[in-house]
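Student: So here's protein.cif (mmCIF, C-alpha atoms (C1' of nucleotides)).
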data_data
#
loop_
_atom_site.label_atom_id
_atom_site.label_comp_id
_atom_site.auth_asym_id
_atom_site.auth_seq_id
_atom_site.Cartn_x
_atom_site.Cartn_y
_atom_site.Cartn_z
CA MET I 1 -0.63 -3.17 1.32
CA ILE I 2 1.46 -6.14 2.23
CA VAL I 3 0.35 -9.01 0.10
CA SER I 4 1.16 -8.94 -3.60
CA ALA I 5 -0.87 -10.39 -6.43
CA LYS I 6 1.63 -13.21 -6.54
CA GLY I 7 0.91 -14.12 -2.95
CA ARG I 8 -2.82 -13.89 -3.40
CA TYR I 9 -2.67 -16.04 -6.53
CA ALA I 10 -0.57 -18.59 -4.71
CA LEU I 11 -3.04 -18.83 -1.88
CA ARG I 12 -5.97 -19.24 -4.22
CA VAL I 13 -4.26 -21.95 -6.20
CA MET I 14 -3.26 -23.84 -3.08
CA ILE I 15 -6.84 -23.66 -1.83
CA ALA I 16 -8.05 -24.90 -5.21
CA LEU I 17 -5.65 -27.82 -5.02
CA ALA I 18 -6.81 -28.62 -1.51
CA ALA I 19 -10.43 -28.47 -2.62
CA ARG I 20 -9.75 -30.99 -5.40
CA GLY I 21 -8.63 -33.60 -2.92
CA LYS I 22 -6.55 -36.54 -4.09
CA SER I 23 -7.75 -36.77 -7.66
CA GLY I 24 -4.33 -36.82 -9.23
CA PRO I 25 -2.21 -33.92 -10.46
CA VAL I 26 -4.01 -30.82 -11.71
CA PRO I 27 -2.55 -29.19 -14.83
CA LEU I 28 -1.62 -25.56 -14.73
CA LYS I 29 -3.96 -24.84 -17.59
CA GLU I 30 -6.93 -25.81 -15.49
CA LEU I 31 -5.80 -23.90 -12.40
CA SER I 32 -5.10 -20.84 -14.49
CA ALA I 33 -8.51 -20.97 -16.14
CA LYS I 34 -10.56 -21.68 -13.03
CA GLU I 35 -8.86 -19.02 -10.95
CA SER I 36 -8.45 -16.49 -13.76
CA ILE I 37 -4.74 -16.19 -13.25
CA PRO I 38 -2.43 -15.42 -16.20
CA HIS I 39 -1.00 -18.73 -17.35
CA LYS I 40 2.63 -17.72 -17.62
CA PHE I 41 2.61 -15.81 -14.39
CA LEU I 42 1.15 -18.76 -12.53
CA GLU I 43 3.82 -20.94 -14.06
CA GLN I 44 6.46 -18.93 -12.22
CA ILE I 45 4.52 -19.03 -9.00
CA MET I 46 4.12 -22.80 -9.15
CA ALA I 47 7.86 -23.16 -9.69
CA GLU I 48 8.45 -21.36 -6.41
CA LEU I 49 5.93 -23.48 -4.56
CA VAL I 50 7.52 -26.65 -5.93
CA LYS I 51 10.98 -25.46 -5.00
CA ALA I 52 9.73 -24.71 -1.48
CA GLY I 53 8.31 -28.21 -1.23
CA LEU I 54 4.68 -27.21 -0.76
CA VAL I 55 3.56 -28.82 -4.02
CA GLU I 56 4.99 -31.45 -6.30
CA SER I 57 4.81 -31.58 -10.03
CA SER I 58 4.65 -34.35 -12.57
CA ARG I 59 5.74 -33.56 -16.09
CA GLY I 60 4.54 -34.69 -19.47
CA LYS I 61 1.06 -35.61 -20.54
CA ASN I 62 -1.45 -36.03 -17.72
CA GLY I 63 0.98 -34.15 -15.56
CA GLY I 64 0.24 -31.30 -13.23
CA TYR I 65 0.57 -30.19 -9.64
CA SER I 66 -0.50 -31.70 -6.34
CA LEU I 67 -0.06 -30.90 -2.66
CA THR I 68 2.75 -32.61 -0.83
CA ARG I 69 1.11 -32.51 2.59
CA PRO I 70 -2.38 -32.89 4.00
CA PRO I 71 -4.29 -29.58 3.88
CA GLU I 72 -4.47 -29.50 7.67
CA GLU I 73 -0.73 -29.12 7.76
CA CYS I 74 -0.30 -26.23 5.38
CA THR I 75 -1.07 -22.72 6.55
CA ALA I 76 -1.38 -19.32 4.90
CA ALA I 77 1.86 -18.40 6.64
CA ASP I 78 3.67 -21.30 4.96
CA ILE I 79 2.49 -20.18 1.55
CA LEU I 80 3.07 -16.45 1.91
CA ARG I 81 6.51 -16.99 3.33
CA VAL I 82 7.38 -18.55 0.00
CA THR I 83 5.84 -16.03 -2.34
CA GLU I 84 6.33 -12.73 -0.59
CA THR I 85 9.67 -11.02 -0.82
CA SER I 86 9.39 -10.45 2.87
CA LEU I 87 6.57 -10.78 5.33
CA ALA I 88 8.25 -8.36 7.69
CA ALA I 89 6.34 -5.25 8.65
CA ALA I 90 9.25 -3.00 7.76
CA GLU I 91 12.70 -3.17 6.23
CA CYS I 92 13.95 -2.77 9.79
CA THR I 93 13.09 -6.36 10.72
CA ALA I 94 13.42 -7.81 7.24
CA GLY I 95 17.04 -7.56 6.28
CA SER I 96 20.07 -9.00 7.94
CA GLY I 97 19.68 -6.67 10.90
CA ASP I 98 22.17 -4.23 9.49
CA CYS I 99 20.44 -1.01 10.49
CA PRO I 100 22.87 1.16 12.43
CA ARG I 101 20.00 2.60 14.45
CA ALA I 102 18.82 -0.79 15.67
CA GLY I 103 20.23 -0.30 19.13
CA VAL I 104 18.46 2.95 19.84
CA CYS I 105 15.56 3.10 17.42
CA PRO I 106 12.28 3.69 19.23
CA THR I 107 10.27 2.27 16.34
CA LEU I 108 11.85 -1.16 16.35
CA PRO I 109 9.46 -2.57 18.98
CA ILE I 110 6.58 -1.64 16.72
CA TRP I 111 7.92 -3.71 13.82
CA ARG I 112 8.72 -6.63 16.06
CA ALA I 113 5.25 -6.59 17.53
CA LEU I 114 3.69 -6.34 14.09
CA ASP I 115 5.75 -9.21 12.73
CA GLU I 116 4.54 -11.38 15.56
CA VAL I 117 0.83 -10.65 15.30
CA ILE I 118 0.93 -11.05 11.53
CA ASP I 119 2.65 -14.41 11.74
CA ASP I 120 0.33 -15.63 14.48
CA CYS I 121 -2.66 -14.60 12.47
CA LEU I 122 -1.52 -16.27 9.26
CA LYS I 123 -0.66 -19.51 11.02
CA ARG I 124 -4.24 -19.88 12.16
CA PHE I 125 -5.51 -20.38 8.60
CA THR I 126 -4.96 -23.89 7.25
CA LEU I 127 -5.72 -25.03 3.72
CA ALA I 128 -8.22 -27.49 5.17
CA GLU I 129 -10.28 -24.67 6.66
CA LEU I 130 -9.85 -22.36 3.72
CA ALA I 131 -10.97 -25.02 1.26
CA SER I 132 -14.02 -26.11 3.22
CA PRO I 133 -17.39 -24.83 2.00
CA ARG I 134 -18.22 -21.56 3.71
CA LEU I 135 -21.36 -19.89 4.94
CA MET A 1 7.10 -5.25 3.62
CA ILE A 2 4.23 -3.05 4.56
CA VAL A 3 5.65 0.12 5.95
CA SER A 4 7.40 2.51 3.57
CA ALA A 5 10.33 4.77 4.33
CA LYS A 6 7.87 7.61 4.38
CA GLY A 7 5.89 5.99 7.15
CA ARG A 8 8.99 5.13 9.14
CA TYR A 9 10.29 8.67 8.79
CA ALA A 10 6.94 10.08 9.87
CA LEU A 11 6.91 7.91 12.94
CA ARG A 12 10.43 8.88 13.92
CA VAL A 13 9.75 12.58 13.48
CA MET A 14 6.58 12.39 15.52
CA ILE A 15 8.46 10.61 18.29
CA ALA A 16 11.16 13.26 18.13
CA LEU A 17 8.54 15.97 18.46
CA ALA A 18 6.98 14.19 21.41
CA ALA A 19 10.37 13.84 23.06
CA ARG A 20 10.99 17.57 22.75
CA GLY A 21 7.93 18.37 24.82
CA LYS A 22 6.40 21.83 24.68
CA SER A 23 9.48 23.85 23.83
CA GLY A 24 7.93 25.71 20.93
CA PRO A 25 7.90 24.76 17.27
CA VAL A 26 10.80 22.70 15.93
CA PRO A 27 12.10 23.70 12.49
CA LEU A 28 12.28 21.10 9.78
CA LYS A 29 16.00 21.67 9.41
CA GLU A 30 16.60 20.41 12.91
CA LEU A 31 14.32 17.39 12.57
CA SER A 32 15.88 16.49 9.27
CA ALA A 33 19.41 16.71 10.68
CA LYS A 34 18.75 14.87 13.93
CA GLU A 35 16.89 12.03 12.29
CA SER A 36 19.01 11.89 9.13
CA ILE A 37 16.03 12.29 6.85
CA PRO A 38 16.39 14.06 3.48
CA HIS A 39 15.22 17.63 3.99
CA LYS A 40 12.97 17.92 0.97
CA PHE A 41 11.45 14.53 1.44
CA LEU A 42 10.60 15.29 5.05
CA GLU A 43 9.05 18.53 3.92
CA GLN A 44 6.46 16.59 1.97
CA ILE A 45 5.82 14.25 4.84
CA MET A 46 5.27 17.11 7.27
CA ALA A 47 2.78 18.64 4.85
CA GLU A 48 0.71 15.47 5.04
CA LEU A 49 0.87 15.34 8.80
CA VAL A 50 -0.23 18.97 9.02
CA LYS A 51 -3.06 18.37 6.59
CA ALA A 52 -4.19 15.40 8.65
CA GLY A 53 -4.18 17.55 11.77
CA LEU A 54 -1.57 15.59 13.70
CA VAL A 55 0.91 18.46 13.77
CA GLU A 56 0.62 22.20 13.30
CA SER A 57 3.09 24.48 11.66
CA SER A 58 4.08 28.08 12.13
CA ARG A 59 5.69 29.83 9.23
CA GLY A 60 8.41 32.41 8.96
CA LYS A 61 11.40 32.92 11.18
CA ASN A 62 11.36 30.94 14.42
CA GLY A 63 8.71 28.78 12.85
CA GLY A 64 8.52 25.03 12.77
CA TYR A 65 6.29 22.12 13.69
CA SER A 66 4.61 21.01 16.89
CA LEU A 67 2.18 18.32 17.94
CA THR A 68 -1.48 19.24 18.09
CA ARG A 69 -2.40 16.71 20.77
CA PRO A 70 -0.83 15.27 23.88
CA PRO A 71 1.48 12.35 23.04
CA GLU A 72 -0.76 9.97 25.00
CA GLU A 73 -3.48 10.57 22.45
CA CYS A 74 -1.55 9.91 19.27
CA THR A 75 -0.83 6.34 18.24
CA ALA A 76 1.31 4.67 15.59
CA ALA A 77 -1.93 3.75 13.86
CA ASP A 78 -2.94 7.42 13.63
CA ILE A 79 0.36 8.30 12.01
CA LEU A 80 0.65 5.41 9.60
CA ARG A 81 -2.92 5.83 8.45
CA VAL A 82 -1.83 9.24 7.18
CA THR A 83 1.40 8.32 5.49
CA GLU A 84 0.77 4.88 4.09
CA THR A 85 -1.12 4.55 0.86
CA SER A 86 -3.12 1.84 2.52
CA LEU A 87 -2.68 -0.08 5.71
CA ALA A 88 -4.81 -2.91 4.39
CA ALA A 89 -3.23 -6.35 4.22
CA ALA A 90 -4.24 -6.80 0.60
CA GLU A 91 -5.84 -4.88 -2.21
CA CYS A 92 -8.92 -6.98 -1.49
CA THR A 93 -9.77 -5.02 1.65
CA ALA A 94 -8.18 -1.76 0.59
CA GLY A 95 -10.17 -0.47 -2.33
CA SER A 96 -13.82 0.40 -2.53
CA GLY A 97 -14.79 -3.24 -2.22
CA ASP A 98 -15.16 -3.64 -5.95
CA CYS A 99 -13.68 -7.12 -6.27
CA PRO A 100 -16.14 -9.35 -8.16
CA ARG A 101 -14.93 -12.36 -6.21
CA ALA A 102 -15.68 -10.79 -2.85
CA GLY A 103 -18.78 -12.89 -2.32
CA VAL A 104 -17.10 -16.23 -2.79
CA CYS A 105 -13.39 -15.62 -2.24
CA PRO A 106 -11.98 -17.99 0.37
CA THR A 107 -9.06 -15.69 1.05
CA LEU A 108 -11.08 -12.68 2.10
CA PRO A 109 -11.35 -13.79 5.76
CA ILE A 110 -7.58 -13.85 5.90
CA TRP A 111 -7.26 -10.21 4.84
CA ARG A 112 -9.99 -9.12 7.20
CA ALA A 113 -8.35 -10.91 10.10
CA LEU A 114 -4.98 -9.43 9.22
CA ASP A 115 -6.36 -5.92 8.95
CA GLU A 116 -7.81 -6.25 12.42
CA VAL A 117 -4.73 -7.58 14.19
CA ILE A 118 -2.53 -4.99 12.49
CA ASP A 119 -4.77 -2.13 13.50
CA ASP A 120 -5.10 -3.41 17.06
CA CYS A 121 -1.37 -3.76 17.33
CA LEU A 122 -0.60 -0.29 16.01
CA LYS A 123 -3.16 1.34 18.27
CA ARG A 124 -1.35 0.05 21.32
CA PHE A 125 1.72 2.24 20.66
CA THR A 126 1.28 5.85 21.74
CA LEU A 127 3.78 8.62 21.16
CA ALA A 128 4.07 9.00 24.91
CA GLU A 129 5.36 5.44 25.28
CA LEU A 130 7.49 5.56 22.17
CA ALA A 131 9.19 8.77 23.25
CA SER A 132 9.92 7.65 26.78
CA PRO A 133 13.50 6.60 27.56
CA ARG A 134 13.92 2.89 26.91
CA LEU A 135 16.00 0.10 28.36
"C1'" DA G 1 5.09 -39.71 -33.59
"C1'" DT G 2 2.01 -36.67 -31.29
"C1'" DA G 3 0.07 -33.99 -27.94
"C1'" DA G 4 0.04 -32.20 -23.45
"C1'" DT G 5 2.41 -30.89 -20.11
"C1'" DT G 6 6.26 -28.76 -16.87
"C1'" DC G 7 10.70 -26.26 -16.93
"C1'" DC G 8 14.01 -22.52 -17.94
"C1'" DC G 9 15.50 -18.02 -19.18
"C1'" DA G 10 15.00 -13.61 -20.97
"C1'" DT G 11 12.42 -9.46 -21.79
"C1'" DG G 12 9.08 -5.67 -21.17
"C1'" DA G 13 5.46 -2.55 -19.29
"C1'" DA G 14 3.33 -0.28 -15.56
"C1'" DA G 15 3.14 1.27 -11.03
"C1'" DT G 16 5.10 2.68 -6.81
"C1'" DT G 17 8.52 4.59 -3.96
"C1'" DA G 18 12.09 7.60 -2.79
"C1'" DG G 19 14.21 11.55 -3.55
"C1'" DT G 20 15.37 16.38 -6.01
"C1'" DA G 21 14.71 21.13 -7.49
"C1'" DG G 22 13.26 25.84 -7.65
"C1'" DG G 23 10.99 29.33 -6.12
"C1'" DA G 24 6.79 31.74 -3.84
"C1'" DA G 25 4.69 33.09 0.59
"C1'" DT G 26 5.15 34.27 5.37
"C1'" DA G 27 6.94 36.12 9.56
"C1'" DA G 28 10.48 37.86 13.08
"C1'" DG G 29 14.02 41.09 14.18
"C1'" DG G 30 16.91 44.76 13.30
"C1'" DC L 1 12.12 48.31 4.85
"C1'" DC L 2 15.53 44.73 4.45
"C1'" DT L 3 17.41 40.44 5.63
"C1'" DT L 4 17.05 35.93 7.10
"C1'" DA L 5 14.80 31.81 8.37
"C1'" DT L 6 11.30 29.34 7.79
"C1'" DT L 7 6.97 26.75 5.65
"C1'" DC L 8 4.34 25.96 1.34
"C1'" DC L 9 3.50 24.52 -3.45
"C1'" DT L 10 4.22 22.13 -7.66
"C1'" DA L 11 6.71 19.75 -10.76
"C1'" DC L 12 10.17 16.51 -12.11
"C1'" DT L 13 13.40 12.39 -12.03
"C1'" DA L 14 15.54 8.01 -10.84
"C1'" DA L 15 15.41 3.56 -9.00
"C1'" DT L 16 12.98 -0.37 -7.68
"C1'" DT L 17 9.45 -3.62 -7.64
"C1'" DT L 18 5.55 -5.82 -9.43
"C1'" DC L 19 3.12 -8.01 -12.87
"C1'" DA L 20 3.29 -9.98 -16.29
"C1'" DT L 21 4.63 -11.92 -21.65
"C1'" DG L 22 7.24 -14.88 -25.01
"C1'" DG L 23 9.87 -18.63 -27.03
"C1'" DG L 24 11.39 -22.79 -26.92
"C1'" DA L 25 13.60 -27.07 -24.59
"C1'" DA L 26 12.70 -31.28 -21.83
"C1'" DT L 27 9.57 -34.80 -20.37
"C1'" DT L 28 5.96 -38.25 -20.51
"C1'" DA L 29 1.49 -40.91 -21.60
"C1'" DT L 30 -0.84 -42.88 -25.41
#
Once more with this new file: its structure as structure tokens, please.

Tutor:
Amino acid sequence: MIVSAKGRYALRVMIALAARGKSGPVPLKELSAKESIPHKFLEQIMAELVKAGLVESSRGKNGGYSLTRPPEECTAADILRVTETSLAAAECTAGSGDCPRAGVCPTLPIWRALDEVIDDCLKRFTLAELASPRL
Amino acid sequence: MIVSAKGRYALRVMIALAARGKSGPVPLKELSAKESIPHKFLEQIMAELVKAGLVESSRGKNGGYSLTRPPEECTAADILRVTETSLAAAECTAGSGDCPRAGVCPTLPIWRALDEVIDDCLKRFTLAELASPRL
DNA sequence: ATAATTCCCATGAAATTAGTAGGAATAAGG
DNA sequence: CCTTATTCCTACTAATTTCATGGGAATTAT
């Protein structure tokens, strides 16, 4: 189970923002309600997305959140890289490469291969596609 | 971070068993020492592998563990399916499909795609390959 | 002013993961 | 039959991570 609730929430919110188009900033309250995500939890998630530069916020009344880039240019990989502690398949390829076994470990190629297919897969999903009406 | 220590240990032990060839059962003590895996923890892992039919055990003196199939016929996917709670990319595709959003959730295709590439990737690694001397 | 919002920081509860512990059952070899 | 080496079984514990919750300060439109 790689993807946490945080990551799934983040994706859903980003898709919701993409679906809204350019109709001004969307307040957290609305996002939280429409997506059934706990208000205070989402607040933290949005902070991370803002910090990462994927969304921008405007404060005060009539404030809210909006995407910083066109939906075609934001992928699932971009989003999950922000929210997930690590997208690596195993600790072995996650950390600072400090495993003493690295040189001889026969499992390392597995994790490297996994990391690559996962990243490739996630990069194929853009917000534009994800937000478009489906069949 | 998908793969737990348990899964990584399991993989390493299975590779070690494959590398030993058909020289009779290998006692846990030896596996634990050679792979630097806590004895009692490995004990539990071996129990799962036995239960799943990937290894067989012989009890009593001179006992130990051995592979049930030729290393060509056992893949990383086979092993991790046993040890990991779930290999699914997200809870969404893991459980019994009881998510009320399933019908309309725009993120579901992502998890399905991920599940597929992960499984395909893991199936490509057999114990035979993993246990062969590397460069 | 007021009301609606984001921002910041701390705390808490639940679940999962990783590891420990003790002893019963089994089997080989003398 | 005894000793020794092994797997098997079941329970417990500790640490970590995940998933939130709570209170209030700062900001901004009207």

Student: Please compute the atom CA of A:Asp98-atom CA of I:Leu31 distance, one decimal, in Å.

Tutor: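 Result for atom CA of A:Asp98 versus atom CA of I:Leu31: 23.2 Å, one decimal.
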
Student: Please, which residues of chain I lie no more than 8 Å from chain G when the count uses all atoms listed in the file, and can they be set out as number ranges by chain?

Tutor: I: 27, 57-64

Student: Would you mind listing, as a list of chain:residue names, all residues of chain A that have at least one atom within 6 Å of chain I, where only C-alpha atoms are what counts?

Tutor: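 Every residue of chain A that passes the 6 Å test is in A:Met1, A:Ile2, A:Val3, A:Ser86, A:Leu87, A:Ala88, A:Ala89, A:Ala90, A:Pro106, A:Leu130.
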
Student: What is the atom CA of I:Gly53-atom C1' of L:DT30 distance in Å, reported with one decimal?

Tutor: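 According to the coordinates, atom CA of I:Gly53 and atom C1' of L:DT30 are separated by 29.7 Å.
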
Student: Here's the selection I'm unsure about, the PyMOL selection byres ((chain L) within 10 of (chain A)); applied to the file above, which residues does it give, as a ChimeraX atom specification?

Tutor: /L:4-8

Student: Dump chain G with N, CA and C atoms (P, O5', C5', C4', C3', O3' and C1' of nucleotides) to a file, as a compact mmCIF listing (two decimals), in the first residue's frame.

Tutor:
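File decode.txt, as written:
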# COMPACT_ATOMS: atom_id res chain seq x y z
P DA G 1 -13.73 50.41 15.34
O5' DA G 1 -14.36 49.13 14.58
C5' DA G 1 -14.87 48.03 15.28
C4' DA G 1 -16.16 47.64 14.62
C3' DA G 1 -16.41 46.16 14.79
O3' DA G 1 -17.79 45.93 14.81
C1' DA G 1 -16.04 46.62 12.49
P DT G 2 -18.25 44.51 15.44
O5' DT G 2 -18.38 43.62 14.13
C5' DT G 2 -19.13 44.12 13.03
C4' DT G 2 -19.06 43.11 11.90
C3' DT G 2 -18.90 41.66 12.35
O3' DT G 2 -19.82 40.88 11.61
C1' DT G 2 -17.23 42.19 10.77
P DA G 3 -20.20 39.38 12.13
O5' DA G 3 -19.94 38.55 10.80
C5' DA G 3 -20.11 39.18 9.53
C4' DA G 3 -19.22 38.49 8.52
C3' DA G 3 -19.04 36.99 8.78
O3' DA G 3 -19.20 36.31 7.55
C1' DA G 3 -16.94 38.03 8.59
P DA G 4 -19.29 34.72 7.53
O5' DA G 4 -18.09 34.34 6.55
C5' DA G 4 -17.94 35.06 5.33
C4' DA G 4 -16.52 34.89 4.85
C3' DA G 4 -16.03 33.44 4.82
O3' DA G 4 -15.51 33.18 3.53
C1' DA G 4 -14.48 34.82 5.94
P DT G 5 -15.42 31.76 2.99
O5' DT G 5 -13.95 31.41 3.53
C5' DT G 5 -12.90 31.53 2.64
C4' DT G 5 -11.67 32.14 3.28
C3' DT G 5 -10.62 31.15 3.72
O3' DT G 5 -10.02 30.52 2.63
C1' DT G 5 -10.63 33.15 5.00
P DT G 6 -9.28 29.12 2.88
O5' DT G 6 -7.78 29.60 3.16
C5' DT G 6 -7.14 30.49 2.22
C4' DT G 6 -5.94 31.14 2.88
C3' DT G 6 -4.80 30.19 3.20
O3' DT G 6 -3.57 30.84 2.92
C1' DT G 6 -5.50 31.25 5.18
P DC G 7 -2.19 30.04 3.07
O5' DC G 7 -1.79 30.27 4.60
C5' DC G 7 -1.10 31.46 4.96
C4' DC G 7 -0.75 31.42 6.44
C3' DC G 7 0.26 30.35 6.82
O3' DC G 7 1.37 30.99 7.42
C1' DC G 7 -1.59 30.38 8.32
P DC G 8 2.76 30.26 7.56
O5' DC G 8 2.75 29.80 9.08
C5' DC G 8 2.49 30.77 10.09
C4' DC G 8 2.31 30.07 11.42
C3' DC G 8 3.18 28.82 11.62
O3' DC G 8 3.92 28.99 12.80
C1' DC G 8 0.95 28.42 12.28
P DC G 9 5.19 28.07 13.12
O5' DC G 9 4.83 27.46 14.54
C5' DC G 9 3.96 28.14 15.45
C4' DC G 9 3.31 27.13 16.37
C3' DC G 9 4.09 25.83 16.54
O3' DC G 9 4.11 25.47 17.91
C1' DC G 9 1.89 25.34 15.97
P DA G 10 5.13 24.40 18.51
O5' DA G 10 4.38 23.87 19.80
C5' DA G 10 3.17 24.48 20.25
C4' DA G 10 2.07 23.45 20.41
C3' DA G 10 2.51 22.06 20.87
O3' DA G 10 2.02 21.83 22.17
C1' DA G 10 0.84 21.94 19.17
P DT G 11 2.42 20.58 23.04
O5' DT G 11 1.13 19.64 22.90
C5' DT G 11 -0.18 20.22 22.91
C4' DT G 11 -1.19 19.19 22.43
C3' DT G 11 -0.92 17.77 22.93
O3' DT G 11 -1.98 17.40 23.78
C1' DT G 11 -1.49 17.80 20.60
P DG G 12 -2.06 15.96 24.48
O5' DG G 12 -2.89 15.08 23.46
C5' DG G 12 -4.18 15.51 23.02
C4' DG G 12 -4.78 14.45 22.13
C3' DG G 12 -4.54 13.02 22.63
O3' DG G 12 -5.75 12.32 22.44
C1' DG G 12 -3.72 13.24 20.42
P DA G 13 -6.02 10.96 23.22
O5' DA G 13 -6.72 10.07 22.11
C5' DA G 13 -7.45 10.68 21.05
C4' DA G 13 -7.45 9.73 19.88
C3' DA G 13 -7.43 8.26 20.28
O3' DA G 13 -8.38 7.58 19.47
C1' DA G 13 -5.59 8.73 18.84
P DA G 14 -8.67 6.00 19.73
O5' DA G 14 -8.11 5.35 18.38
C5' DA G 14 -8.37 6.02 17.15
C4' DA G 14 -7.52 5.37 16.09
C3' DA G 14 -7.47 3.84 16.20
O3' DA G 14 -7.78 3.33 14.92
C1' DA G 14 -5.28 4.74 16.08
P DA G 15 -7.99 1.76 14.69
O5' DA G 15 -6.72 1.45 13.79
C5' DA G 15 -6.41 2.35 12.73
C4' DA G 15 -5.02 2.08 12.24
C3' DA G 15 -4.72 0.59 12.02
O3' DA G 15 -4.33 0.45 10.68
C1' DA G 15 -2.96 1.67 13.22
P DT G 16 -4.06 -1.00 10.04
O5' DT G 16 -2.46 -0.99 10.00
C5' DT G 16 -1.82 0.16 9.45
C4' DT G 16 -0.35 0.04 9.70
C3' DT G 16 0.22 -1.36 9.39
O3' DT G 16 1.18 -1.15 8.37
C1' DT G 16 1.02 -0.52 11.48
P DT G 17 2.03 -2.39 7.77
O5' DT G 17 3.38 -2.26 8.61
C5' DT G 17 3.94 -0.97 8.81
C4' DT G 17 5.18 -1.10 9.66
C3' DT G 17 6.03 -2.31 9.34
O3' DT G 17 7.35 -1.82 9.18
C1' DT G 17 5.55 -2.22 11.66
P DA G 18 8.53 -2.83 8.76
O5' DA G 18 9.16 -3.17 10.17
C5' DA G 18 9.73 -2.11 10.93
C4' DA G 18 10.24 -2.66 12.23
C3' DA G 18 11.08 -3.93 12.07
O3' DA G 18 12.31 -3.68 12.73
C1' DA G 18 9.40 -4.24 13.72
P DG G 19 13.47 -4.77 12.69
O5' DG G 19 13.29 -5.46 14.12
C5' DG G 19 13.26 -4.61 15.25
C4' DG G 19 12.70 -5.36 16.41
C3' DG G 19 13.43 -6.66 16.74
O3' DG G 19 14.15 -6.44 17.93
C1' DG G 19 11.09 -6.83 17.06
P DT G 20 15.06 -7.60 18.59
O5' DT G 20 14.38 -7.79 20.01
C5' DT G 20 12.99 -7.62 20.14
C4' DT G 20 12.57 -7.99 21.54
C3' DT G 20 13.33 -9.13 22.19
O3' DT G 20 13.30 -8.93 23.60
C1' DT G 20 11.13 -9.85 21.69
P DA G 21 14.07 -9.94 24.60
O5' DA G 21 12.97 -11.02 24.90
C5' DA G 21 11.62 -10.62 25.17
C4' DA G 21 10.90 -11.77 25.83
C3' DA G 21 11.82 -12.92 26.23
O3' DA G 21 11.45 -13.36 27.52
C1' DA G 21 10.12 -13.71 24.75
P DG G 22 12.25 -14.50 28.28
O5' DG G 22 11.24 -15.73 28.16
C5' DG G 22 9.84 -15.52 28.45
C4' DG G 22 9.10 -16.81 28.28
C3' DG G 22 9.92 -18.05 28.64
O3' DG G 22 9.09 -18.95 29.35
C1' DG G 22 9.15 -18.24 26.42
P DG G 23 9.69 -20.24 30.14
O5' DG G 23 8.95 -21.42 29.39
C5' DG G 23 7.56 -21.25 29.05
C4' DG G 23 7.24 -22.06 27.82
C3' DG G 23 7.77 -23.50 27.90
O3' DG G 23 6.74 -24.34 27.44
C1' DG G 23 8.28 -22.56 25.86
P DA G 24 6.55 -25.79 28.13
O5' DA G 24 5.73 -26.55 26.98
C5' DA G 24 4.57 -25.92 26.43
C4' DA G 24 4.40 -26.39 24.99
C3' DA G 24 4.57 -27.90 24.82
O3' DA G 24 3.55 -28.37 23.95
C1' DA G 24 6.08 -26.76 23.39
P DA G 25 3.41 -29.94 23.65
O5' DA G 25 4.15 -30.10 22.26
C5' DA G 25 3.53 -29.56 21.10
C4' DA G 25 4.40 -29.88 19.90
C3' DA G 25 4.66 -31.38 19.70
O3' DA G 25 4.39 -31.67 18.34
C1' DA G 25 6.71 -30.19 19.68
P DT G 26 4.48 -33.19 17.83
O5' DT G 26 5.93 -33.21 17.21
C5' DT G 26 6.21 -32.34 16.10
C4' DT G 26 7.66 -32.51 15.72
C3' DT G 26 8.09 -33.94 15.42
O3' DT G 26 8.55 -33.94 14.09
C1' DT G 26 9.69 -32.81 16.74
P DA G 27 8.59 -35.35 13.28
O5' DA G 27 10.16 -35.66 13.31
C5' DA G 27 11.03 -34.71 12.72
C4' DA G 27 12.43 -34.95 13.21
C3' DA G 27 12.92 -36.40 13.08
O3' DA G 27 14.01 -36.37 12.19
C1' DA G 27 13.54 -35.44 15.15
P DA G 28 14.60 -37.73 11.57
O5' DA G 28 16.11 -37.66 12.05
C5' DA G 28 16.85 -36.46 11.79
C4' DA G 28 18.12 -36.48 12.59
C3' DA G 28 18.92 -37.79 12.50
O3' DA G 28 20.24 -37.44 12.16
C1' DA G 28 18.51 -37.20 14.79
P DG G 29 21.36 -38.56 11.93
O5' DG G 29 22.01 -38.74 13.38
C5' DG G 29 22.48 -37.57 14.06
C4' DG G 29 23.20 -37.99 15.32
C3' DG G 29 23.86 -39.37 15.20
O3' DG G 29 25.14 -39.34 15.82
C1' DG G 29 22.32 -39.40 16.98
P DG G 30 26.10 -40.63 15.77
O5' DG G 30 26.16 -41.07 17.29
C5' DG G 30 26.92 -40.27 18.21
C4' DG G 30 26.43 -40.52 19.61
C3' DG G 30 26.91 -41.83 20.19
O3' DG G 30 27.86 -41.60 21.22
C1' DG G 30 24.57 -41.46 20.62
